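Visitor: Dumping the structure here so I can ask a few things about it.
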Amino acid sequence: MNVAAPTLFDRALRRITGVWRDMAQGVAHEEDESIAGQMRACLAGRGGEVSARNRAAKLAQAYLTLDEAGRRDFLMTLAGFDADADAVAAAFETVRAAPDIAARTAAKAQLRRALEPPRTRLLTQFTTIPDGMKFLVDLRASLLTLRAEDPMLAALEGDLKALLASWFDVGFLDLSAIDWNSPAALLEKLAGYEAVHGVRSWRDLKNRLDSDRRCYAFFHPRMPGEPLIFVEVALVKGLADSVQRLLDPKAPLIDLREADTAIFYSISNCQRGLDGISFGNFLIKRVVGDLSAELPRVKTFATLSPVPRFRRWLDAQFAEPVAGFLSEEESSALRTAAPPSGPAAETGVQALAAILAVRGWWRDGAMRRAAEPVLLRLCARYLLLEGKGRRALDPVAHFHLTNGARLERILPLADTSEKGVKESATFMVNYLYDPARIEEYHEAYVGEGRRSAASAVRRLARGWA
């Protein structure tokens with residue numbers, strides 16, 4: 001269910017361009033009305049603060065009225081306002097030649113100023129206009145699709161990312177509870193931005209906001225109508241092990257007097273332009289705090305999370321299996337259970353690949369008995385041992401470990417939807433948030449690269465053949 005996302009965007013765009021058009025009319029006519037000329041006028045800063053805001057609004061409005069090619073040219077022009085190479089070289093030589101600490105300190109300050117490209121001042125000026133922060137977030141979303149085309153665009157994207165990272169931190173964000181009585185525009189966005197488990201209908205959305213559910217949104221004060229992240233929670237008894245059962249609209253409501261567990265089943269980033277920017281390390285901790293205050297009977301806080309790149313990792317292993325990928329016993333069981341149709345499975349790896357290629361393979365008892373324990377072990381290996389340096393390879397694991405969670409359980413057949421099969425081979429994970437140990441687990445991962453996990457999961461990972 002994609003609930004009127006284009007309509008919402010068009011509505012917001014008309015409002016924003018109308019406001020900026022009115023502001024732009026307050027700008028005196030410049031000798032050079034080109035995009036580059038307008039940018040130079042913004043940097044020159046003639047007049048007072050009102051004039052500066054109006055120029056920034058005029059420039060932003062000009063960008064929004066351009067077609068795709070025009071916007072790329074706009075961004076290339078903006079990227080061209082780089083640091084002056086001669087000024088940087090001169091400032092560097094002054095640092096090298098400084099005779100004492102005082103002179104060197106002053107020279108370093110001058111070098112830092114010389115290194116700052118004028119385009120960062122231009123970008124910062126957009127924050128002074130109405131919806132300017134949202135404009136910058138959307139500007140970076142465009143740059144993310146273009147940065148590979150040109151080094152200057154990549155540099156501009158890096159500058160903007162650094163600015164946004166300094167402005168967006170969980171300590172600056174407002175947390176708000178969302179329910180069925182929230183504004184319709186916000187409910188539309190909840191449905192439209194849902195990235196983990198798509199909202200199928202208004203009934204489905206209403207079910208996710210019922211009495212045994214909670215939903216929260218994070219907002220930035222400079223983007224009050226634009227959610228940054230939605231966090232959806234189910235109140236249940238015990239740890240959940242199937243997203244289909246958890247989201248079943250026909251399931252009876254849970255009596256909150258019996259609920260002892262809060263399951264975070266969907267965390268959706270709403271702003272493409274904030275991809276790769278951390279909102280801080282204790283995002284979930286804030287939600288846990290609110291839930292604890294409202295529902296003191298709830299003592300367990302955990303997720304039901306996808307393993308979105310597990311199948312991709314498996315396919316890479318199938319293409320180039322390492323020695324000992326499967327034990328002889330596993331290979332024998334898999335070859336016996338492999339489907340008779342299709343190419344003969346000469347190895348255990350080929351047999352496992354053939355089983356996973358069968359639609360609904362888990363419904364076949366022999367296939368499931370042979371494949372499930374192998375996949376459990378491989379999933380544990382993928383989550384706990386695979387990575388880039390100290391960072392977990394799986395992005396969802398990285399997010400929760402960074403936020404102070406412990407990998408508690410690996411769950412086969414937890415998501416048998418088409419997406420769950422394609423991305424996670426039906427697997428999901430419970431990450432546990434223990435309020436007393438969130439900071440300890442966070443420090444272990446961020447500081448030492450150690451991934452906190454229950455002993456049963458660790459035993460699975462040690463089973464690597």
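Please note that chains go A, B, ... in the order of the structure tokens, that every chain numbers its residues from 1, and that ligands are numbered from 1 in the order shown.
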Return as a tab-separated table the residues of region 298-330 of chain A lying at most 10 Å from region 396-417 of chain A, together with the closest atom-to-atom pair for each and the distance in Å to one decimal, counting only C-alpha atoms, with rows in chain order and ascending residue number.
Guide:
residue	atom	partner	partner_atom	distance
A:Phe301	CA	A:Ala405	CA	9.6
A:Ala302	CA	A:Ala405	CA	8.3
A:Thr303	CA	A:His400	CA	9.0
A:Leu304	CA	A:Ala414	CA	8.7
A:Ser305	CA	A:Val396	CA	7.4
A:Pro306	CA	A:Val396	CA	7.3
A:Val307	CA	A:Val396	CA	6.8
A:Pro308	CA	A:Val396	CA	7.5
A:Arg309	CA	A:Val396	CA	9.2
Visitor: Take the residues just selected and output them with C-alpha atoms as a short mmCIF file (atom, residue, chain, number, x, y, z; two decimals), in the first residue's frame.
Guide:
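In the end it all went to part32.cif:
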data_model
loop_
_atom_site.label_atom_id
_atom_site.label_comp_id
_atom_site.auth_asym_id
_atom_site.auth_seq_id
_atom_site.Cartn_x
_atom_site.Cartn_y
_atom_site.Cartn_z
CA PHE A 301 12.50 -5.33 25.05
CA ALA A 302 13.50 -7.08 21.86
CA THR A 303 13.23 -6.88 18.10
CA LEU A 304 11.94 -9.14 15.38
CA SER A 305 14.43 -8.11 12.72
CA PRO A 306 15.17 -9.19 9.15
CA VAL A 307 18.55 -10.42 7.95
CA PRO A 308 18.32 -8.52 4.66
CA ARG A 309 21.60 -9.54 3.04
#
Visitor: Which neighbours of Ala354 (chain A) fall inside 7 Å, counting only C-alpha atoms, when residues of the same chain fewer than 3 positions from it are skipped, and could you give them as a PyMOL selection string?
Guide: chain A and resi 338-339+350-351+357-358
Visitor: Take the residues from that selection and put them in a file with N, CA and C atoms, as a PDB file, in the first residue's frame.
Guide:
ATOM      1  N   ALA A 338      18.070 -33.177  -1.839  1.00  0.00           N
ATOM      2  CA  ALA A 338      17.981 -32.261  -2.979  1.00  0.00           C
ATOM      3  C   ALA A 338      16.855 -32.675  -3.922  1.00  0.00           C
ATOM      4  N   PRO A 339      16.189 -31.706  -4.556  1.00  0.00           N
ATOM      5  CA  PRO A 339      15.083 -32.036  -5.464  1.00  0.00           C
ATOM      6  C   PRO A 339      15.572 -32.873  -6.638  1.00  0.00           C
ATOM      7  N   GLN A 350      25.971 -27.386  -3.901  1.00  0.00           N
ATOM      8  CA  GLN A 350      25.015 -27.388  -5.009  1.00  0.00           C
ATOM      9  C   GLN A 350      23.648 -27.856  -4.547  1.00  0.00           C
ATOM     10  N   ALA A 351      23.637 -28.842  -3.651  1.00  0.00           N
ATOM     11  CA  ALA A 351      22.365 -29.349  -3.139  1.00  0.00           C
ATOM     12  C   ALA A 351      21.624 -28.289  -2.330  1.00  0.00           C
ATOM     13  N   ALA A 357      16.272 -22.975  -4.108  1.00  0.00           N
ATOM     14  CA  ALA A 357      15.640 -22.530  -5.350  1.00  0.00           C
ATOM     15  C   ALA A 357      14.217 -23.056  -5.496  1.00  0.00           C
ATOM     16  N   VAL A 358      13.839 -24.033  -4.660  1.00  0.00           N
ATOM     17  CA  VAL A 358      12.497 -24.604  -4.712  1.00  0.00           C
ATOM     18  C   VAL A 358      11.518 -23.688  -3.985  1.00  0.00           C
TER      19      VAL A 358
END
Visitor: Give me the residues within 7 Å of Ala114 (chain A) as a list in words, counting only C-alpha atoms and dropping any in the same chain fewer than 3 places off.
Guide: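 After dropping sequence-adjacent residues, the list is Ala83, Ala87, Val88, Gln110 and Leu111 of chain A.
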Visitor: Once you have the residues from the selection above, write them out as an mmCIF file, in the first residue's frame, restricted to C-alpha atoms.
Guide:
data_model
loop_
_atom_site.group_PDB
_atom_site.id
_atom_site.type_symbol
_atom_site.label_atom_id
_atom_site.label_comp_id
_atom_site.auth_asym_id
_atom_site.auth_seq_id
_atom_site.Cartn_x
_atom_site.Cartn_y
_atom_site.Cartn_z
ATOM 1 C CA ALA A 83 38.525 26.095 -1.441
ATOM 2 C CA ALA A 87 45.193 30.299 -0.380
ATOM 3 C CA VAL A 88 45.421 26.801 1.122
ATOM 4 C CA GLN A 110 43.917 30.470 9.241
ATOM 5 C CA LEU A 111 44.586 27.170 7.456
#
Visitor: Check the DSSP output for the backbone and give back, as a ChimeraX atom specification, the residues of region 174-397 of chain A in strand (DSSP E).
Guide: /A:174-178,213-219,229-236,261-269,300-303,305-306,387-388,391-392
Visitor: Would you compute the distance between CA of Tyr216 (chain A) and CA of Ser268 (chain A)? Give it in Å to one decimal.
Guide: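 Result for CA of Tyr216 (chain A) versus CA of Ser268 (chain A): 10.7 Å, one decimal.
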Visitor: Show which residues sit within 10 Å of Glu194 (chain A), as number ranges by chain. Count only C-alpha atoms, and ignore same-chain residues fewer than 6 positions away.
Guide: A: 1-2, 229-232, 266-270
Visitor: Any idea what's packed within 8 Å of Phe126 (chain A), counting only C-alpha atoms, ignoring anything in its chain fewer than 3 positions away? Could you give it as an MDAnalysis selection string?
Guide: chainID A and resid 53 56:57 60 122:123 129 132:133 135:136
Visitor: So which residues of region 23-198 of chain A fall under helix (DSSP H, G or I) by DSSP, listed as a ChimeraX atom specification?
Guide: /A:23-24,35-44,49-64,68-79,85-97,101-115,118-128,132-149,151-167,170-172,184-193
Visitor: Using only C-alpha atoms, determine which residues lie at most 8 Å from region 382-385 of chain A, disregarding the query and same-chain residues fewer than 5 positions distant; provide the list as a list in words.
Guide: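 Contacts, with the query itself left out: Phe310, Trp313, Ala392, Leu393, Asp394, Ala397, Arg451, Arg458 and Ala461 of chain A.
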Visitor: For a quick check of understanding, using only C-alpha atoms, which of A:Ile438, A:Arg147, A:Thr124, A:Asp275 has the smallest distance to Pro395 (chain A)?
Guide: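 Checking each candidate against Pro395 (chain A), we get A:Asp275 as the closest.
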Visitor: Considering only C-alpha atoms, can you say which of A:Arg55, A:Arg113, A:Arg369, A:Lys422 comes closest to Glu330 (chain A)?
Guide: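 Closest to Glu330 (chain A) of all the choices is A:Arg369.
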Visitor: How far is it from CA of Leu66 (chain A) to CA of Met223 (chain A), in Å with one decimal?
Guide: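 A separation of 23.5 Å between them.
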Visitor: A:Ala217, A:Ala62, A:Met39, A:Ala185: which is nearest Trp20 (chain A), counting only C-alpha atoms?
Guide: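 Among the listed residues, the smallest separation from Trp20 (chain A) belongs to A:Ala62.
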